[in-house]
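Student: Below is query.txt; it holds compact mmCIF, C-alpha atoms.
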```
# COMPACT_ATOMS: atom_id res chain seq x y z
CA MET A 22 0.00 0.00 0.00
CA GLY A 23 1.38 3.31 -1.07
CA LYS A 24 1.73 6.48 0.89
CA THR A 25 -1.08 8.11 -1.09
CA MET A 26 -3.45 5.25 -0.28
CA LYS A 27 -2.69 5.59 3.46
CA ILE A 28 -3.40 9.33 3.33
CA VAL A 29 -6.72 8.69 1.52
CA LEU A 30 -7.74 6.00 4.05
CA ILE A 31 -6.82 8.22 7.00
CA SER A 32 -8.71 11.13 5.41
CA VAL A 33 -11.78 8.95 4.81
CA ALA A 34 -11.57 7.62 8.39
CA ILE A 35 -11.36 11.18 9.79
CA VAL A 36 -14.34 12.30 7.65
CA LEU A 37 -16.35 9.23 8.75
CA ILE A 38 -15.53 9.91 12.41
CA LEU A 39 -16.56 13.58 12.02
CA VAL A 40 -19.80 12.63 10.22
CA PHE A 41 -20.59 10.01 12.85
CA GLY A 42 -19.81 12.50 15.65
CA PHE A 43 -22.04 15.11 14.00
CA TYR A 44 -24.80 12.49 13.64
CA LEU A 45 -24.51 11.56 17.32
CA TYR A 46 -24.65 15.24 18.32
CA ILE A 47 -27.75 15.91 16.22
CA THR A 48 -29.63 12.81 17.40
CA GLY A 49 -28.63 13.44 21.01
CA THR A 50 -29.76 17.07 20.84
CA TYR A 51 -33.00 16.17 19.08
CA ASN A 52 -33.79 13.45 21.63
CA THR A 53 -33.05 15.83 24.50
CA LEU A 54 -35.38 18.44 23.01
CA VAL A 55 -38.11 15.83 22.57
CA SER A 56 -37.69 14.74 26.21
CA LEU A 57 -37.81 18.31 27.51
CA ASN A 58 -40.83 19.10 25.33
CA GLU A 59 -42.60 16.02 26.73
CA GLU A 60 -41.80 17.17 30.28
CA VAL A 61 -43.45 20.51 29.49
CA LYS A 62 -46.50 18.72 28.09
CA ALA A 63 -46.72 16.43 31.13
CA ALA A 64 -46.42 19.38 33.51
CA TRP A 65 -49.10 21.25 31.54
CA SER A 66 -51.33 18.18 31.76
CA GLN A 67 -51.07 18.30 35.56
CA VAL A 68 -51.96 22.00 35.53
CA GLU A 69 -54.99 21.19 33.38
CA ASN A 70 -56.06 18.43 35.78
CA GLN A 71 -56.14 20.88 38.65
CA LEU A 72 -57.80 23.59 36.56
CA GLN A 73 -60.49 21.08 35.62
CA ARG A 74 -60.99 20.25 39.29
CA ARG A 75 -61.54 23.95 39.95
CA MET A 76 -63.92 24.16 36.98
CA ASP A 77 -65.93 21.27 38.43
CA LEU A 78 -66.18 22.93 41.87
CA ILE A 79 -67.19 26.38 40.65
CA PRO A 80 -70.84 25.64 39.71
CA ASN A 81 -71.59 24.23 43.18
CA TYR A 82 -69.79 27.12 44.81
CA VAL A 83 -71.67 29.70 42.74
CA GLU A 84 -75.03 28.03 43.38
CA THR A 85 -74.40 28.02 47.12
CA VAL A 86 -73.49 31.71 47.12
CA LYS A 87 -76.45 32.53 44.84
CA GLY A 88 -78.84 31.23 47.48
CA TYR A 89 -77.61 33.90 49.88
CA ALA A 90 -76.74 36.74 47.53
CA LYS A 91 -79.50 36.90 44.96
CA HIS A 92 -78.83 40.53 43.98
CA GLU A 93 -75.14 39.93 43.14
CA ARG A 94 -76.04 38.78 39.62
CA GLU A 95 -73.20 40.62 37.83
CA VAL A 96 -70.51 38.71 39.69
CA PHE A 97 -72.18 35.36 38.95
CA ILE A 98 -72.35 36.22 35.26
CA GLU A 99 -68.63 37.16 35.26
CA VAL A 100 -67.68 33.84 36.87
CA THR A 101 -69.89 31.87 34.48
CA GLU A 102 -68.53 33.68 31.41
CA ALA A 103 -64.93 33.28 32.57
CA ARG A 104 -65.53 29.58 33.22
CA ALA A 105 -67.00 29.18 29.72
CA LYS A 106 -63.99 30.94 28.23
CA VAL A 107 -61.67 28.48 29.99
CA GLY A 108 -63.70 25.60 28.60
CA GLY A 109 -63.40 27.02 25.08
CA SER A 110 -59.64 27.59 25.23
CA VAL A 111 -57.44 25.34 23.13
CA THR A 112 -53.79 26.39 23.33
CA PRO A 113 -51.81 26.73 26.56
CA SER A 114 -51.57 30.50 25.98
CA GLN A 115 -55.34 30.81 25.62
CA LYS A 116 -55.91 28.63 28.68
CA ILE A 117 -53.46 30.66 30.74
CA GLU A 118 -55.21 33.91 29.81
CA ALA A 119 -58.69 32.46 30.38
CA ASN A 120 -57.71 31.00 33.77
CA ASN A 121 -56.27 34.33 34.84
CA GLU A 122 -59.65 35.91 34.02
CA LEU A 123 -61.42 33.17 35.96
CA ALA A 124 -59.16 33.71 38.98
CA SER A 125 -59.99 37.41 38.85
CA ALA A 126 -63.74 36.69 38.69
CA LEU A 127 -63.44 34.24 41.60
CA SER A 128 -61.68 36.86 43.70
CA ARG A 129 -64.63 39.22 43.10
CA LEU A 130 -66.98 36.39 44.12
CA LEU A 131 -65.03 35.98 47.35
CA LEU A 132 -65.62 39.67 48.08
CA VAL A 133 -69.35 39.00 47.76
CA VAL A 134 -69.04 36.12 50.21
CA GLU A 135 -67.51 38.44 52.79
CA ARG A 136 -70.77 40.44 52.88
CA TYR A 137 -72.84 37.45 54.04
CA PRO A 138 -71.91 36.10 57.49
CA ASP A 139 -74.68 33.45 57.37
CA LEU A 140 -73.19 32.07 54.18
CA LYS A 141 -69.75 31.80 55.75
CA ALA A 142 -71.30 29.71 58.56
CA ASN A 143 -73.07 27.28 56.16
CA GLN A 144 -71.41 23.83 56.38
CA ASN A 145 -71.88 23.04 52.69
CA PHE A 146 -70.30 26.35 51.77
CA ILE A 147 -67.42 25.82 54.20
CA ARG A 148 -66.72 22.40 52.66
CA LEU A 149 -66.83 23.82 49.13
CA GLN A 150 -64.61 26.72 50.10
CA ASP A 151 -62.07 24.34 51.65
CA GLU A 152 -62.09 22.19 48.50
CA LEU A 153 -61.66 25.26 46.32
CA ALA A 154 -58.81 26.55 48.52
CA GLY A 155 -57.10 23.15 48.35
CA THR A 156 -57.51 23.11 44.60
CA GLU A 157 -56.06 26.61 44.31
CA ASN A 158 -53.02 25.40 46.28
CA ARG A 159 -52.65 22.39 43.95
CA ILE A 160 -52.93 24.69 40.95
CA ALA A 161 -50.16 26.88 42.37
CA VAL A 162 -47.89 23.85 42.85
CA GLU A 163 -48.58 22.50 39.36
CA ARG A 164 -48.10 25.95 37.81
CA MET A 165 -44.73 26.15 39.53
CA ARG A 166 -43.74 22.70 38.21
CA TYR A 167 -44.94 23.62 34.73
CA ASN A 168 -42.96 26.88 34.78
CA GLU A 169 -39.86 24.99 35.93
CA ALA A 170 -40.22 22.55 33.01
CA VAL A 171 -40.75 25.48 30.61
CA LEU A 172 -37.64 27.23 31.98
CA LYS A 173 -35.50 24.14 31.44
CA TYR A 174 -36.88 23.58 27.94
CA ASP A 175 -36.76 27.23 26.83
CA LYS A 176 -33.19 27.64 28.10
CA ARG A 177 -32.13 24.59 26.14
CA ILE A 178 -33.67 25.67 22.83
CA LYS A 179 -32.24 29.20 23.14
CA LYS A 180 -28.62 28.08 23.57
CA PHE A 181 -26.27 27.96 20.62
CA PRO A 182 -25.91 25.67 18.60
CA THR A 183 -29.05 23.90 19.87
CA ARG A 184 -31.04 26.97 18.77
CA ILE A 185 -30.27 26.15 15.14
CA LEU A 186 -31.37 22.54 15.47
CA ALA A 187 -34.46 23.54 17.46
CA SER A 188 -35.58 25.87 14.68
CA ILE A 189 -34.85 23.25 12.01
CA PHE A 190 -36.94 20.63 13.84
CA GLY A 191 -39.72 23.08 14.75
CA PHE A 192 -39.21 23.34 18.51
CA THR A 193 -40.55 26.69 19.77
CA GLU A 194 -40.66 28.37 23.14
CA ALA A 195 -43.38 27.30 25.56
CA PRO A 196 -45.40 30.01 27.35
CA TYR A 197 -45.02 30.58 31.08
CA PHE A 198 -48.10 30.48 33.29
CA GLU A 199 -47.82 33.92 34.82
CA ALA A 200 -50.04 35.62 37.35
CA PRO A 201 -52.52 38.14 35.97
CA GLU A 202 -51.78 41.85 36.37
CA GLU A 203 -54.47 42.18 39.07
CA ALA A 204 -52.62 39.66 41.24
CA LYS A 205 -49.50 41.81 41.18
CA LYS A 206 -51.27 44.73 42.86
CA PRO A 207 -51.51 44.70 46.65
CA PRO A 208 -55.01 43.98 47.94
CA LYS A 209 -57.06 46.83 49.36
CA VAL A 210 -58.17 46.16 52.90
CA GLN A 211 -61.09 48.18 54.21
CA PHE A 212 -62.70 48.05 57.62
```
Any chance you could give the structure as C-alpha cells?
Tutor:
Amino acid sequence: MGKTMKIVLISVAIVLILVFGFYLYITGTYNTLVSLNEEVKAAWSQVENQLQRRMDLIPNYVETVKGYAKHEREVFIEVTEARAKVGGSVTPSQKIEANNELASALSRLLLVVERYPDLKANQNFIRLQDELAGTENRIAVERMRYNEAVLKYDKRIKKFPTRILASIFGFTEAPYFEAPEEAKKPPKVQF
C-alpha cells in the first residue's frame, strides 16, 4: 500500500468519524429536546387536571353563594362567562389567559361572600370553600412545576448551537403560566 493510499484512508476515516460524531450530536440534541418538550406537556397536563378540578367545583360554589346573595347577579355572570372561556380555550396561551380571568372573577366572588356572614357559617359552603382553597393550592404547585419545566426547555432551545437545530426541527418556546396583572397589585383592605 502506497503512501497516497494511506493518506486517503486516513482522510476517509477522519471524515467518517466527524460525520458520525455530528450524527450523534444531532440525534442526542433532538432526543433531549423531545424529552424536555414532553416534560413541558406532562407538567401542563397536571396544571390542566387541577384547573379542571376547579372548573368542576365552581358551579356548586356559585349556586351556594347565589342562594344567599340573589342581587349579586353581575358577579355570577362574570364567573360563568370566565368559566365558559376556559372551557373554550385550546392552546396553553389561551388557557393561561382564560384561567387568569377566571381567577380574577373568583376573587370578586369571594368579596361578595364576605358580605354574608350566614353564608360563611353554612357547612356546605365551608366544605366547598375548603375544597376550592385546596384546589387553588394544587394549581399553584402544578403551575410552579410547569414553569420549571418550561424554563429548562426554553433555556435549552435558546442556547447555541441547539437553537439552530431547534428551529430546524420546529421546537418553539413554551409560554409561562404567569399571574394576571391584578394579582401583582396589593389587595385593598377596608374596615
Student: Can you pull out the residues contacting segment 185-191 of chain A? Cut-off 10 Å, using all atoms listed in the file, and skip same-chain residues under 3 positions away; I want them as a PyMOL selection string.
Tutor: chain A and resi 47+50-51+54-55+177-182+194
Student: Using all atoms listed in the file, can you tell me which of A:Ile31, A:Ala63, A:Leu45, A:Ala119 comes closest to Asn168 of chain A?
Tutor: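 So, comparing all the options, the nearest one is A:Ala63.
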Student: Would you work out the distance separating atom CA of Leu72 of chain A from atom CA of Ser128 of chain A, expressed in Å to one decimal?
Tutor: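 Interatomic distance, atom CA of Leu72 of chain A to atom CA of Ser128 of chain A: 15.6 Å.
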Student: Kindly give the distance, in Å, that separates atom CA of Glu163 of chain A and atom CA of Val111 of chain A, rounded to a single decimal.
Tutor: 18.7 Å
Student: Find, counting only C-alpha atoms, the residue in A:Arg164, A:Lys24, A:Lys106, A:Arg184 that gets nearest to Val68 of chain A.
Tutor: A:Arg164
Student: In Å to one decimal, how far is atom CA of Glu59 of chain A from atom CA of Glu122 of chain A?
Tutor: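 Taking atom CA of Glu122 of chain A and atom CA of Glu59 of chain A, their separation equals 27.2 Å.
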Student: Looking at A:Thr48, A:Lys62, A:Asp175, A:Gln67, which one is nearest to Phe192 of chain A, with distances taken over all atoms listed in the file?
Tutor: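 Looking at the shortest contact to Phe192 of chain A, the residue is A:Asp175.
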Student: Could you name the residues that touch Trp65 of chain A at 12 Å or less, counting all atoms listed in the file, but leaving out those on the same chain fewer than 5 positions away, as a ChimeraX atom specification?
Tutor: /A:58-60,70-72,112-114,116-117,160,162-171,195-198
Student: Quick one: residues within 10 Å of Glu99 of chain A, only C-alpha atoms counted, chain neighbours fewer than 6 positions away excluded, as a PyMOL selection string?
Tutor: chain A and resi 105+122-123+125-127+129-130
Student: Keeping only C-alpha atoms, write the selected residues as a PDB file, in the coordinates of the input.
Tutor:
```pdb
ATOM      1  CA  ALA A 105     -67.000  29.180  29.720  1.00  0.00           C
ATOM      2  CA  GLU A 122     -59.650  35.910  34.020  1.00  0.00           C
ATOM      3  CA  LEU A 123     -61.420  33.170  35.960  1.00  0.00           C
ATOM      4  CA  SER A 125     -59.990  37.410  38.850  1.00  0.00           C
ATOM      5  CA  ALA A 126     -63.740  36.690  38.690  1.00  0.00           C
ATOM      6  CA  LEU A 127     -63.440  34.240  41.600  1.00  0.00           C
ATOM      7  CA  ARG A 129     -64.630  39.220  43.100  1.00  0.00           C
ATOM      8  CA  LEU A 130     -66.980  36.390  44.120  1.00  0.00           C
TER       9      LEU A 130
END
```
